[in-house]
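Below: protein-v4.cif (mmCIF, C-alpha atoms)
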```
data_run
loop_
_atom_site.label_atom_id
_atom_site.label_comp_id
_atom_site.auth_asym_id
_atom_site.auth_seq_id
_atom_site.Cartn_x
_atom_site.Cartn_y
_atom_site.Cartn_z
CA MET A 1 164.75 76.75 93.01
CA SER A 2 165.44 75.33 89.53
CA VAL A 3 168.47 74.41 87.42
CA TRP A 4 168.11 77.73 85.59
CA ASP A 5 168.78 79.92 88.65
CA ASP A 6 172.44 80.56 87.73
CA VAL A 7 171.66 81.31 84.07
CA VAL A 8 171.20 85.04 84.58
CA GLY A 9 169.84 87.56 82.09
CA GLN A 10 169.06 84.91 79.45
CA GLU A 11 165.27 84.66 79.56
CA ALA A 12 164.85 84.06 75.81
CA VAL A 13 167.44 81.27 75.81
CA ILE A 14 165.91 79.63 78.87
CA SER A 15 162.51 79.66 77.16
CA VAL A 16 163.92 77.88 74.08
CA LEU A 17 165.81 75.28 76.11
CA CYS A 18 162.84 74.62 78.39
CA GLY A 19 160.68 74.01 75.32
CA ALA A 20 163.29 71.63 73.92
CA ALA A 21 163.51 69.74 77.22
CA ALA A 22 159.72 69.36 77.31
CA ALA A 23 159.76 68.06 73.71
CA ALA A 24 162.60 65.68 74.62
CA ARG A 25 160.53 64.28 77.48
CA GLY A 26 157.69 63.63 75.05
CA LEU A 27 160.03 61.86 72.64
CA ALA A 28 161.43 59.72 75.44
CA GLU A 29 157.94 58.73 76.57
CA GLN A 30 157.04 57.79 72.99
CA ARG A 31 160.20 55.72 72.73
CA GLU A 32 159.42 53.91 75.98
CA ALA A 33 155.87 53.23 74.85
CA ARG A 34 157.06 51.84 71.52
CA ALA A 35 159.67 49.67 73.25
CA GLY A 36 156.99 48.29 75.57
CA SER A 37 154.77 47.36 72.62
CA GLY A 38 157.63 45.75 70.68
CA VAL A 39 157.61 48.33 67.87
CA GLU A 40 161.05 48.91 66.33
CA ALA A 41 162.76 52.16 65.30
CA PRO A 42 162.06 54.40 68.30
CA PRO A 43 161.98 58.13 67.56
CA SER A 44 165.27 59.99 67.79
CA ALA A 45 165.96 63.45 69.16
CA THR A 46 165.22 64.89 65.73
CA GLY A 47 161.56 63.98 65.60
CA SER A 48 159.62 65.79 62.89
CA GLY A 49 158.42 69.20 64.01
CA SER A 50 160.08 68.81 67.40
CA ALA A 51 161.74 71.61 69.33
CA MET A 52 164.39 69.07 70.28
CA THR A 53 167.41 68.06 68.21
CA HIS A 54 170.45 65.83 68.67
CA ALA A 55 173.18 68.53 68.57
CA TRP A 56 173.34 72.05 70.00
CA LEU A 57 175.91 74.82 69.60
CA ILE A 58 175.66 77.17 72.58
CA THR A 59 177.52 80.43 71.99
CA GLY A 60 177.94 83.72 73.79
CA PRO A 61 180.54 86.27 74.92
CA PRO A 62 183.06 85.21 77.57
CA GLY A 63 181.42 85.25 80.98
CA SER A 64 177.87 85.09 79.63
CA GLY A 65 177.23 81.69 81.21
CA ARG A 66 177.49 79.29 78.27
CA SER A 67 178.61 76.38 80.42
CA ASN A 68 175.95 77.09 83.06
CA ALA A 69 173.24 77.12 80.38
CA ALA A 70 174.51 73.87 78.83
CA LEU A 71 174.69 72.12 82.20
CA ALA A 72 171.21 73.32 83.15
CA PHE A 73 169.87 72.02 79.81
CA ALA A 74 171.54 68.65 80.45
CA ALA A 75 169.81 68.52 83.84
CA ALA A 76 166.46 69.43 82.29
CA LEU A 77 166.85 66.58 79.79
CA GLN A 78 167.39 64.06 82.61
CA CYS A 79 164.79 65.60 84.96
CA THR A 80 162.01 63.40 86.32
CA GLY A 81 160.19 66.18 88.19
CA PRO A 82 156.86 67.73 87.23
CA VAL A 83 158.57 70.38 85.06
CA PRO A 84 161.85 69.72 83.18
CA GLY A 85 164.66 71.36 85.13
CA CYS A 86 162.87 71.40 88.47
CA GLY A 87 166.16 71.30 90.37
CA GLN A 88 164.62 69.15 93.12
CA CYS A 89 164.63 65.60 91.72
CA LYS A 90 167.65 63.30 92.05
CA PRO A 91 168.62 63.43 88.35
CA CYS A 92 168.68 67.26 88.44
CA ARG A 93 170.81 67.29 91.59
CA ASP A 94 173.16 64.64 90.20
CA VAL A 95 173.72 66.50 86.93
CA MET A 96 174.37 69.84 88.63
CA SER A 97 176.86 68.21 91.03
CA GLY A 98 178.63 66.33 88.24
CA ALA A 99 177.57 62.89 89.49
CA HIS A 100 175.09 61.77 86.81
CA PRO A 101 176.44 58.74 84.88
CA ASP A 102 174.71 59.75 81.62
CA VAL A 103 176.09 63.28 81.41
CA VAL A 104 179.69 63.29 80.18
CA ARG A 105 181.35 66.67 80.56
CA LEU A 106 184.67 67.70 79.00
CA ALA A 107 186.08 70.98 80.30
CA THR A 108 189.72 71.27 79.33
CA GLU A 109 192.23 73.06 81.54
CA LYS A 110 194.85 72.92 78.80
CA LEU A 111 195.36 75.01 75.69
CA ILE A 112 193.75 72.45 73.36
CA ILE A 113 191.36 69.51 73.45
CA THR A 114 193.36 66.53 72.23
CA LEU A 115 192.40 63.97 69.62
CA ASP A 116 192.49 61.19 72.23
CA GLU A 117 190.02 63.09 74.43
CA VAL A 118 187.60 63.47 71.52
CA LYS A 119 187.90 59.80 70.56
CA GLU A 120 187.02 58.91 74.15
CA LEU A 121 183.96 61.17 73.96
CA ILE A 122 182.86 59.49 70.75
CA GLY A 123 183.06 56.14 72.51
CA GLU A 124 180.96 57.50 75.37
CA ALA A 125 178.38 58.82 72.90
CA GLN A 126 177.83 55.33 71.47
CA ARG A 127 176.72 53.88 74.80
CA ARG A 128 173.11 53.61 75.84
CA PRO A 129 172.00 55.63 78.88
CA TRP A 130 172.61 53.89 82.20
CA THR A 131 169.86 55.42 84.30
CA GLY A 132 168.50 58.44 82.41
CA ARG A 133 166.58 58.90 79.20
CA TRP A 134 169.41 60.58 77.28
CA ARG A 135 173.16 60.25 76.92
CA VAL A 136 174.36 63.86 77.03
CA ILE A 137 177.89 64.80 75.88
CA LEU A 138 178.78 68.34 76.98
CA VAL A 139 181.94 69.89 75.53
CA GLU A 140 183.05 73.21 76.99
CA ASP A 141 185.59 75.26 75.02
CA ALA A 142 184.81 73.37 71.80
CA ASP A 143 186.73 76.14 70.03
CA ARG A 144 189.94 74.65 71.48
CA MET A 145 189.80 71.69 69.10
CA ALA A 146 192.15 71.63 66.14
CA GLU A 147 190.59 71.18 62.69
CA ARG A 148 191.72 67.57 62.47
CA THR A 149 190.18 66.83 65.86
CA THR A 150 186.91 68.46 64.88
CA ASN A 151 186.73 66.39 61.71
CA VAL A 152 186.95 63.22 63.82
CA LEU A 153 183.99 64.48 65.83
CA LEU A 154 181.90 65.27 62.74
CA LYS A 155 180.66 61.74 62.01
CA SER A 156 179.36 61.22 65.55
CA ILE A 157 177.50 64.54 65.53
CA GLU A 158 176.13 63.90 62.05
CA GLU A 159 174.73 60.44 62.84
CA PRO A 160 174.47 59.98 66.61
CA PRO A 161 172.66 57.12 68.34
CA PRO A 162 168.97 57.96 68.89
CA GLN A 163 169.39 58.64 72.61
CA THR A 164 172.54 60.78 72.42
CA VAL A 165 172.58 64.59 72.60
CA TRP A 166 175.68 66.71 71.92
CA LEU A 167 176.11 70.12 73.58
CA LEU A 168 179.04 72.20 72.28
CA CYS A 169 179.99 75.54 73.88
CA THR A 170 182.02 78.20 72.05
CA PRO A 171 182.29 82.01 72.19
CA SER A 172 181.11 82.31 68.57
CA ALA A 173 179.54 80.09 65.92
CA ASP A 174 182.53 80.92 63.72
CA ASP A 175 184.82 79.13 66.19
CA VAL A 176 183.83 75.70 64.84
CA LEU A 177 183.96 74.29 61.33
CA PRO A 178 180.98 75.07 59.06
CA THR A 179 180.34 71.33 58.76
CA ILE A 180 179.86 71.11 62.53
CA ARG A 181 177.87 74.35 62.69
CA SER A 182 175.44 73.22 60.00
CA ARG A 183 174.53 70.10 61.97
CA CYS A 184 173.80 71.87 65.26
CA ARG A 185 170.99 74.09 66.46
CA LEU A 186 172.47 77.47 67.37
CA ILE A 187 171.70 79.10 70.72
CA THR A 188 173.26 82.53 71.36
CA LEU A 189 173.54 84.04 74.82
CA ARG A 190 173.81 87.79 75.36
CA ILE A 191 175.89 89.78 77.82
CA PRO A 192 173.80 89.67 81.02
CA PRO A 193 172.79 92.94 82.72
CA ALA A 194 175.18 94.04 85.47
CA GLY A 195 172.30 94.09 87.96
CA ALA A 196 171.49 90.44 87.27
CA VAL A 197 175.14 89.45 87.75
CA ALA A 198 175.29 91.37 91.04
CA ASP A 199 172.13 89.65 92.27
CA LEU A 200 173.68 86.26 91.44
CA LEU A 201 176.84 87.07 93.42
CA VAL A 202 174.79 88.10 96.44
CA ARG A 203 172.51 85.04 96.26
CA ARG A 204 175.04 82.37 95.33
CA ASP A 205 178.32 83.60 96.83
CA GLY A 206 177.07 85.71 99.74
CA ALA A 207 178.83 88.84 98.46
CA ASP A 208 178.13 92.26 99.91
CA PRO A 209 175.53 93.95 97.65
CA ALA A 210 177.59 97.11 97.11
CA LEU A 211 180.75 95.11 96.35
CA ALA A 212 178.78 92.79 94.05
CA ALA A 213 177.41 95.75 92.07
CA ARG A 214 180.89 97.26 91.75
CA ALA A 215 182.38 93.91 90.69
CA ALA A 216 179.65 93.31 88.11
CA ARG A 217 180.30 96.70 86.50
CA ALA A 218 184.11 96.41 86.63
CA SER A 219 183.96 92.97 85.00
CA GLN A 220 181.56 94.22 82.30
CA SER A 221 179.04 91.56 83.36
CA HIS A 222 181.55 88.72 82.98
CA ILE A 223 180.20 86.31 85.61
CA GLY A 224 183.51 84.56 86.32
CA LEU A 225 185.52 87.79 86.60
CA ALA A 226 182.83 89.40 88.74
CA ARG A 227 182.94 86.47 91.16
CA HIS A 228 186.75 86.72 91.27
CA LEU A 229 186.57 90.41 92.18
CA ALA A 230 183.81 89.88 94.73
CA THR A 231 185.49 86.98 96.55
CA ASP A 232 189.26 87.67 96.30
CA PRO A 233 190.29 90.38 98.80
CA ASP A 234 193.49 91.14 96.85
CA ALA A 235 191.92 91.27 93.39
CA TRP A 236 191.02 94.96 93.52
CA GLU A 237 194.54 96.04 94.48
CA ARG A 238 196.09 93.96 91.67
CA ARG A 239 193.60 95.49 89.25
CA ARG A 240 194.32 99.02 90.45
CA ARG A 241 198.08 98.54 89.97
CA LEU A 242 197.53 97.09 86.50
CA LEU A 243 195.38 99.99 85.30
CA HIS A 244 197.61 102.60 86.87
CA ALA A 245 200.75 101.24 85.16
CA PRO A 246 200.14 102.42 81.54
CA VAL A 247 199.49 106.05 82.51
CA SER A 248 202.56 106.15 84.76
CA LEU A 249 205.07 104.85 82.18
CA ARG A 250 207.68 107.37 81.08
CA SER A 251 210.21 105.37 79.07
CA VAL A 252 210.82 102.09 77.29
CA GLY A 253 212.62 100.90 80.40
CA ASP A 254 209.53 101.57 82.50
CA ALA A 255 207.45 99.61 79.98
CA VAL A 256 209.79 96.61 80.10
CA LEU A 257 209.73 96.59 83.90
CA ALA A 258 205.93 96.88 83.98
CA ALA A 259 205.63 93.97 81.54
CA ALA A 260 207.94 91.82 83.64
CA ASP A 261 205.94 92.64 86.75
CA LEU A 262 202.64 91.74 85.05
CA VAL A 263 203.92 88.40 83.70
CA GLU A 264 205.55 87.53 87.03
CA SER A 265 202.30 88.33 88.84
CA ALA A 266 200.35 86.16 86.38
CA GLU A 267 202.74 83.24 86.86
CA SER A 268 202.52 83.59 90.65
CA GLU A 269 198.72 83.66 90.61
CA ALA A 270 198.56 80.69 88.24
CA GLN A 271 200.98 78.72 90.42
CA THR A 272 198.89 79.49 93.50
CA ARG A 273 195.81 78.18 91.72
CA THR A 274 197.44 74.94 90.55
CA ALA A 275 200.11 74.03 93.14
CA GLU A 276 197.83 72.39 95.70
CA ARG A 277 196.01 70.36 93.05
CA ASP A 278 199.28 69.30 91.41
CA ALA A 279 200.65 68.02 94.71
CA ALA A 280 197.45 66.09 95.46
CA GLU A 281 197.44 64.51 91.99
CA ARG A 282 201.06 63.42 92.32
CA ALA A 283 200.44 61.95 95.77
CA ASP A 284 197.39 60.03 94.49
CA LEU A 285 199.36 58.66 91.55
CA MET A 286 202.26 57.59 93.76
CA ARG A 287 199.88 55.73 96.06
CA ALA A 288 198.16 54.08 93.08
CA LEU A 289 201.56 52.90 91.84
CA GLY A 290 202.45 51.53 95.26
CA LEU A 291 205.13 54.12 95.94
CA GLU A 292 205.47 55.97 99.21
CA GLY A 293 207.42 59.08 100.12
CA GLU A 294 210.10 60.56 97.86
CA GLY A 295 211.96 57.34 97.15
CA ARG A 296 213.42 56.33 93.80
CA VAL A 297 210.83 55.70 91.08
CA PRO A 298 211.41 52.42 89.21
CA PRO A 299 212.19 52.92 85.49
CA ALA A 300 209.04 51.03 84.45
CA LEU A 301 206.83 53.59 86.21
CA ARG A 302 208.60 56.81 85.20
CA ALA A 303 206.54 57.26 82.02
CA GLN A 304 203.34 57.62 84.07
CA ILE A 305 204.96 60.21 86.32
CA ARG A 306 206.23 62.14 83.28
CA ALA A 307 202.78 62.05 81.66
CA LEU A 308 201.24 63.56 84.78
CA GLU A 309 203.93 66.26 84.94
CA GLU A 310 203.38 67.17 81.28
CA ASP A 311 199.62 67.49 81.86
CA GLN A 312 200.26 69.70 84.87
CA LYS A 313 202.63 71.92 82.85
CA ARG A 314 199.98 72.37 80.15
CA ARG A 315 197.37 73.21 82.78
CA ALA A 316 199.71 75.75 84.41
CA LYS A 317 200.31 77.35 81.00
CA ARG A 318 196.55 77.62 80.43
CA ALA A 319 196.10 79.15 83.89
CA ARG A 320 198.80 81.75 83.20
CA THR A 321 197.26 82.57 79.82
CA ASP A 322 193.85 83.00 81.45
CA VAL A 323 195.26 85.37 84.09
CA LEU A 324 196.99 87.47 81.42
CA ASP A 325 193.87 87.51 79.28
CA ARG A 326 191.90 88.77 82.27
CA ALA A 327 194.45 91.57 82.62
CA MET A 328 193.99 92.44 78.93
CA ILE A 329 190.21 92.66 79.43
CA ASP A 330 190.75 95.05 82.34
CA LEU A 331 193.03 97.22 80.20
CA LEU A 332 190.44 97.24 77.43
CA SER A 333 187.81 98.48 79.89
CA PHE A 334 190.13 101.32 80.98
CA TYR A 335 190.75 102.58 77.44
CA ARG A 336 187.10 102.12 76.59
CA ASP A 337 186.33 104.61 79.37
CA VAL A 338 189.10 106.91 78.16
CA LEU A 339 187.74 106.85 74.60
CA ALA A 340 184.19 107.49 75.82
CA ALA A 341 185.41 110.53 77.76
CA GLN A 342 187.31 111.84 74.73
CA MET A 343 184.26 111.50 72.49
CA GLY A 344 181.95 113.19 75.02
CA SER A 345 179.80 110.07 75.36
CA ASP A 346 177.34 109.88 78.23
CA VAL A 347 177.59 106.08 78.63
CA GLU A 348 178.29 104.88 82.14
CA ARG A 349 181.91 104.15 82.92
CA VAL A 350 183.11 100.65 83.71
CA ASN A 351 185.82 101.84 86.10
CA ILE A 352 183.92 104.27 88.27
CA ASP A 353 186.66 104.14 90.94
CA LEU A 354 189.35 105.37 88.52
CA ALA A 355 187.74 108.61 87.41
CA GLU A 356 190.86 110.74 88.02
CA GLN A 357 193.18 108.49 86.00
CA ILE A 358 190.65 108.20 83.17
CA ASP A 359 190.15 111.96 82.93
CA ARG A 360 193.90 112.58 82.98
CA ALA A 361 194.51 110.02 80.23
CA ALA A 362 191.62 111.42 78.17
CA ALA A 363 192.99 114.96 78.42
CA SER A 364 196.57 114.04 77.53
CA THR A 365 195.82 111.99 74.41
CA GLY A 366 193.40 111.92 71.49
CA PRO A 367 190.79 109.39 70.34
CA GLU A 368 193.15 108.12 67.63
CA GLN A 369 195.72 107.11 70.25
CA SER A 370 193.07 105.42 72.39
CA LEU A 371 191.84 103.40 69.41
CA ALA A 372 195.43 102.43 68.60
CA ARG A 373 195.96 101.25 72.18
CA ILE A 374 192.74 99.22 72.12
CA ALA A 375 193.93 97.58 68.89
CA ALA A 376 197.32 96.87 70.48
CA ILE A 377 195.68 95.16 73.46
CA GLU A 378 193.58 92.97 71.16
CA GLU A 379 196.70 92.10 69.18
CA CYS A 380 198.46 91.11 72.40
CA ARG A 381 195.52 88.87 73.36
CA GLY A 382 195.81 87.16 70.00
CA ARG A 383 199.55 86.63 70.44
CA LEU A 384 199.07 85.14 73.90
CA ARG A 385 196.48 82.71 72.55
CA SER A 386 198.83 81.68 69.73
CA ASN A 387 201.62 80.56 72.10
CA ALA A 388 203.82 83.65 71.71
CA ALA A 389 206.34 84.20 74.51
CA PRO A 390 204.24 86.00 77.17
CA LEU A 391 206.99 88.38 78.26
CA LEU A 392 207.78 89.51 74.72
CA ALA A 393 204.08 89.99 73.87
CA VAL A 394 203.40 92.03 77.01
CA GLU A 395 206.58 94.07 76.59
CA ALA A 396 205.54 95.06 73.06
CA LEU A 397 202.11 96.05 74.41
CA MET A 398 203.42 98.16 77.28
CA ILE A 399 205.73 100.05 74.95
CA GLN A 400 202.71 100.93 72.79
CA LEU A 401 200.70 102.02 75.85
CA ARG A 402 203.27 104.61 76.97
CA PRO A 403 201.93 108.18 77.15
CA GLN A 404 203.01 110.05 74.00
CA ALA A 405 202.76 113.64 72.88
CA ARG A 406 199.62 114.49 70.92
#
```
Mind turning this structure into structure tokens?
Amino acid sequence: MSVWDDVVGQEAVISVLCGAAAAARGLAEQREARAGSGVEAPPSATGSGSAMTHAWLITGPPGSGRSNAALAFAAALQCTGPVPGCGQCKPCRDVMSGAHPDVVRLATEKLIITLDEVKELIGEAQRRPWTGRWRVILVEDADRMAERTTNVLLKSIEEPPPQTVWLLCTPSADDVLPTIRSRCRLITLRIPPAGAVADLLVRRDGADPALAARAARASQSHIGLARHLATDPDAWERRRRLLHAPVSLRSVGDAVLAAADLVESAESEAQTRTAERDAAERADLMRALGLEGEGRVPPALRAQIRALEEDQKRRAKRARTDVLDRAMIDLLSFYRDVLAAQMGSDVERVNIDLAEQIDRAAASTGPEQSLARIAAIEECRGRLRSNAAPLLAVEALMIQLRPQAR
């Protein structure tokens, strides 16, 4: 077992990161030797000719395992075992469980990473390591920073302390400012093979092998979506209803009703995912403030309650957006199969369990209509990410997906 076990289908990336971790260990040993001899100016992470550097930009398609790769790299940097990233030593176990004091991880559950959160990270980056050899700052969803926020981060990435390493994760290198990109070493993950994703689901989540293989293909090798399909008993039925809806629409009224049903389902699923955590957070805050039960909150303490409620609203909005985006990805996979059938392609279908619906849709429309529908789905995804009203965006999409005469 090693920290790289969950980074599936990324052998080239693992090789690069393992080499960097080994170089980082050498730099740390040199620094310790210099400190012991009283020599000043210990080497930094950007030692000449080194495979290691102080800032990394880890990119890859959604579901490719960017965060897993970054976390595994952080563990390898702190590892004290015989080989960096052994997975057996205490530092490796602490990093992977989120308990290592020198690995600071920011994974936002809101629509944006705020300026205050970034300023806090910059403060963390200036501190010396407590127990490890490196201070690692891992930022997931770095593409969710506004330009102003990213500019605040620039100085710290440009001139970090010698023992600080920044790890930024984004879908694409174009999702961060060129000034940030130019100061980071770029690592690009690929879409993992479906077989590798299925093996991970069987090994890590105990999924049935046949179900894991089906989930990996239906999710198009998106690790998170595949796990959702393999572990949620109701996920397949919700997916089947979603993909059946566009081919069964007959009027604008049907499209509006289908859109309302999809948005309502997304809100329900998002509420299910966040309700228990919201209640626990509120109860913890009330206890911390010395309040019990549902009694009247003193005016002096209401601002803290409101701040928590606002954070929870933003998290719920992000959860709903994520559920709707997952639905858009499923719709894209359906029309991808339809287009492949229309063009006579021999590529394997993503939705092997919907062969009848795909063939019927392919026979009743042309490739031009399928391409137009794919473009409409992508446009809807963009609108949802830009804070458009979800119901209006999905209604406009469903109207465009209605079957039309050729």
Determine the residue set returned by the PyMOL selection byres ((chain A and resi 351-364) around 9) for the present structure, and present it as an MDAnalysis selection string.
-> chainID A and resid 214 217:218 240 243:244 247 333:335 337:342 348:350 365:367 370 403:406
Can you write out the residues you just picked, keeping C-alpha atoms, as a short mmCIF file (atom, residue, chain, number, x, y, z; two decimals), in the coordinates of the input?
```cif
data_model
loop_
_atom_site.label_atom_id
_atom_site.label_comp_id
_atom_site.auth_asym_id
_atom_site.auth_seq_id
_atom_site.Cartn_x
_atom_site.Cartn_y
_atom_site.Cartn_z
CA ARG A 214 180.89 97.26 91.75
CA ARG A 217 180.30 96.70 86.50
CA ALA A 218 184.11 96.41 86.63
CA ARG A 240 194.32 99.02 90.45
CA LEU A 243 195.38 99.99 85.30
CA HIS A 244 197.61 102.60 86.87
CA VAL A 247 199.49 106.05 82.51
CA SER A 333 187.81 98.48 79.89
CA PHE A 334 190.13 101.32 80.98
CA TYR A 335 190.75 102.58 77.44
CA ASP A 337 186.33 104.61 79.37
CA VAL A 338 189.10 106.91 78.16
CA LEU A 339 187.74 106.85 74.60
CA ALA A 340 184.19 107.49 75.82
CA ALA A 341 185.41 110.53 77.76
CA GLN A 342 187.31 111.84 74.73
CA GLU A 348 178.29 104.88 82.14
CA ARG A 349 181.91 104.15 82.92
CA VAL A 350 183.11 100.65 83.71
CA THR A 365 195.82 111.99 74.41
CA GLY A 366 193.40 111.92 71.49
CA PRO A 367 190.79 109.39 70.34
CA SER A 370 193.07 105.42 72.39
CA PRO A 403 201.93 108.18 77.15
CA GLN A 404 203.01 110.05 74.00
CA ALA A 405 202.76 113.64 72.88
CA ARG A 406 199.62 114.49 70.92
#
```
Would you please work out which residue, of A:Thr149, A:Ser64, A:Ser345, A:Ser15, is nearest to Pro84 of chain A when using all atoms listed in the file?
->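 Of A:Thr149, A:Ser64, A:Ser345, A:Ser15, the one nearest Pro84 of chain A is A:Ser15, counting all atoms listed in the file.
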Identify which of the residues A:Arg306, A:Arg190, A:Arg326, A:Arg315 lies closest to Pro61 of chain A, counting only C-alpha atoms when measuring atom-to-atom distances.
-> A:Arg190
When you draw a straight line from atom CA of Val139 of chain A to atom CA of Gly224 of chain A, how long is it in Å?
->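 Value for the atom CA of Val139 of chain A-atom CA of Gly224 of chain A distance: 18.3 Å.
With distances taken over all atoms listed in the file, A:Arg241 is the one residue among A:Arg241, A:Arg227, A:Arg383, A:Arg135 lying closest to Ala258 of chain A.
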Do a neighbour search on Thr170 of chain A at 10 Å with only C-alpha atoms, toss out local chain neighbours closer than 3 positions, and write the hits as a short mmCIF file (atom, residue, chain, number, x, y, z; two decimals) with C-alpha atoms, keeping the file's coordinate frame.
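This is the output file around_15.cif:
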```cif
data_model
loop_
_atom_site.label_atom_id
_atom_site.label_comp_id
_atom_site.auth_asym_id
_atom_site.auth_seq_id
_atom_site.Cartn_x
_atom_site.Cartn_y
_atom_site.Cartn_z
CA LEU A 57 175.91 74.82 69.60
CA ILE A 58 175.66 77.17 72.58
CA THR A 59 177.52 80.43 71.99
CA GLY A 60 177.94 83.72 73.79
CA PRO A 61 180.54 86.27 74.92
CA PRO A 62 183.06 85.21 77.57
CA ARG A 66 177.49 79.29 78.27
CA SER A 67 178.61 76.38 80.42
CA VAL A 139 181.94 69.89 75.53
CA GLU A 140 183.05 73.21 76.99
CA ASP A 141 185.59 75.26 75.02
CA ALA A 142 184.81 73.37 71.80
CA ASP A 143 186.73 76.14 70.03
CA ARG A 144 189.94 74.65 71.48
CA ALA A 173 179.54 80.09 65.92
CA ASP A 174 182.53 80.92 63.72
CA ASP A 175 184.82 79.13 66.19
CA VAL A 176 183.83 75.70 64.84
CA THR A 188 173.26 82.53 71.36
#
```
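Straight-line separation from atom CA of Asp205 of chain A to atom CA of Leu111 of chain A: 28.5 Å.
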Protein, DNA and RNA residues within 10 Å of (167.0, 78.2, 79.1), all atoms listed in the file, as a ChimeraX atom specification = /A:3-5,7-8,10-21,68-70,72-73,76,85,187,189
Radius query 12 Å about (173.1, 67.7, 70.6), atoms used: only C-alpha atoms, as an mmCIF file with C-alpha atoms, keeping the file's coordinate frame:
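Contents of part32.cif, freshly written:
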```cif
data_model
loop_
_atom_site.group_PDB
_atom_site.id
_atom_site.type_symbol
_atom_site.label_atom_id
_atom_site.label_comp_id
_atom_site.auth_asym_id
_atom_site.auth_seq_id
_atom_site.Cartn_x
_atom_site.Cartn_y
_atom_site.Cartn_z
ATOM 1 C CA LEU A 17 165.810 75.280 76.110
ATOM 2 C CA ALA A 20 163.290 71.630 73.920
ATOM 3 C CA ALA A 21 163.510 69.740 77.220
ATOM 4 C CA ALA A 24 162.600 65.680 74.620
ATOM 5 C CA SER A 44 165.270 59.990 67.790
ATOM 6 C CA ALA A 45 165.960 63.450 69.160
ATOM 7 C CA THR A 46 165.220 64.890 65.730
ATOM 8 C CA MET A 52 164.390 69.070 70.280
ATOM 9 C CA THR A 53 167.410 68.060 68.210
ATOM 10 C CA HIS A 54 170.450 65.830 68.670
ATOM 11 C CA ALA A 55 173.180 68.530 68.570
ATOM 12 C CA TRP A 56 173.340 72.050 70.000
ATOM 13 C CA LEU A 57 175.910 74.820 69.600
ATOM 14 C CA ILE A 58 175.660 77.170 72.580
ATOM 15 C CA ALA A 70 174.510 73.870 78.830
ATOM 16 C CA PHE A 73 169.870 72.020 79.810
ATOM 17 C CA ALA A 74 171.540 68.650 80.450
ATOM 18 C CA LEU A 77 166.850 66.580 79.790
ATOM 19 C CA ALA A 125 178.380 58.820 72.900
ATOM 20 C CA TRP A 134 169.410 60.580 77.280
ATOM 21 C CA ARG A 135 173.160 60.250 76.920
ATOM 22 C CA VAL A 136 174.360 63.860 77.030
ATOM 23 C CA ILE A 137 177.890 64.800 75.880
ATOM 24 C CA LEU A 138 178.780 68.340 76.980
ATOM 25 C CA VAL A 139 181.940 69.890 75.530
ATOM 26 C CA SER A 156 179.360 61.220 65.550
ATOM 27 C CA ILE A 157 177.500 64.540 65.530
ATOM 28 C CA GLU A 158 176.130 63.900 62.050
ATOM 29 C CA GLU A 159 174.730 60.440 62.840
ATOM 30 C CA PRO A 160 174.470 59.980 66.610
ATOM 31 C CA PRO A 161 172.660 57.120 68.340
ATOM 32 C CA PRO A 162 168.970 57.960 68.890
ATOM 33 C CA GLN A 163 169.390 58.640 72.610
ATOM 34 C CA THR A 164 172.540 60.780 72.420
ATOM 35 C CA VAL A 165 172.580 64.590 72.600
ATOM 36 C CA TRP A 166 175.680 66.710 71.920
ATOM 37 C CA LEU A 167 176.110 70.120 73.580
ATOM 38 C CA LEU A 168 179.040 72.200 72.280
ATOM 39 C CA CYS A 169 179.990 75.540 73.880
ATOM 40 C CA ILE A 180 179.860 71.110 62.530
ATOM 41 C CA ARG A 181 177.870 74.350 62.690
ATOM 42 C CA ARG A 183 174.530 70.100 61.970
ATOM 43 C CA CYS A 184 173.800 71.870 65.260
ATOM 44 C CA ARG A 185 170.990 74.090 66.460
ATOM 45 C CA LEU A 186 172.470 77.470 67.370
ATOM 46 C CA ILE A 187 171.700 79.100 70.720
#
```
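For the pair atom CA of Ala372 of chain A and atom CA of Gln400 of chain A, the separation is 8.5 Å.
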Pick from A:Asp116, A:Ala375, A:Ile399, A:Leu27: nearest to Leu249 of chain A, with all atoms listed in the file counted?
->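 Smallest separation from Leu249 of chain A among the options: A:Ile399.
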List the residues matched by the PyMOL selection byres ((chain A and resi 267) around 10) in the displayed structure as JSON, numbers by chain, ordered by chain and then by residue number.
-> {"A": [261, 262, 263, 264, 265, 266, 268, 269, 270, 271, 272, 273, 316, 317, 319, 320, 321, 323, 324]}
Fewer than 3 positions away in the same chain doesn't count, so skip those; otherwise give me all residues within 9 Å of Arg373 of chain A, counting only C-alpha atoms, as a PDB file with C-alpha atoms, in the frame of the given file.
```pdb
ATOM      1  CA  LEU A 332     190.440  97.240  77.430  1.00  0.00           C
ATOM      2  CA  TYR A 335     190.750 102.580  77.440  1.00  0.00           C
ATOM      3  CA  GLU A 368     193.150 108.120  67.630  1.00  0.00           C
ATOM      4  CA  GLN A 369     195.720 107.110  70.250  1.00  0.00           C
ATOM      5  CA  SER A 370     193.070 105.420  72.390  1.00  0.00           C
ATOM      6  CA  ALA A 376     197.320  96.870  70.480  1.00  0.00           C
ATOM      7  CA  ILE A 377     195.680  95.160  73.460  1.00  0.00           C
ATOM      8  CA  GLU A 378     193.580  92.970  71.160  1.00  0.00           C
ATOM      9  CA  LEU A 397     202.110  96.050  74.410  1.00  0.00           C
ATOM     10  CA  GLN A 400     202.710 100.930  72.790  1.00  0.00           C
ATOM     11  CA  LEU A 401     200.700 102.020  75.850  1.00  0.00           C
TER      12      LEU A 401
END
```
Pick out the closest residue to Thr131 of chain A from this set: A:Thr80, A:Cys86, A:Leu115, A:Leu291. Count all atoms listed in the file.
->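 Checking each candidate against Thr131 of chain A, we get A:Thr80 as the closest.
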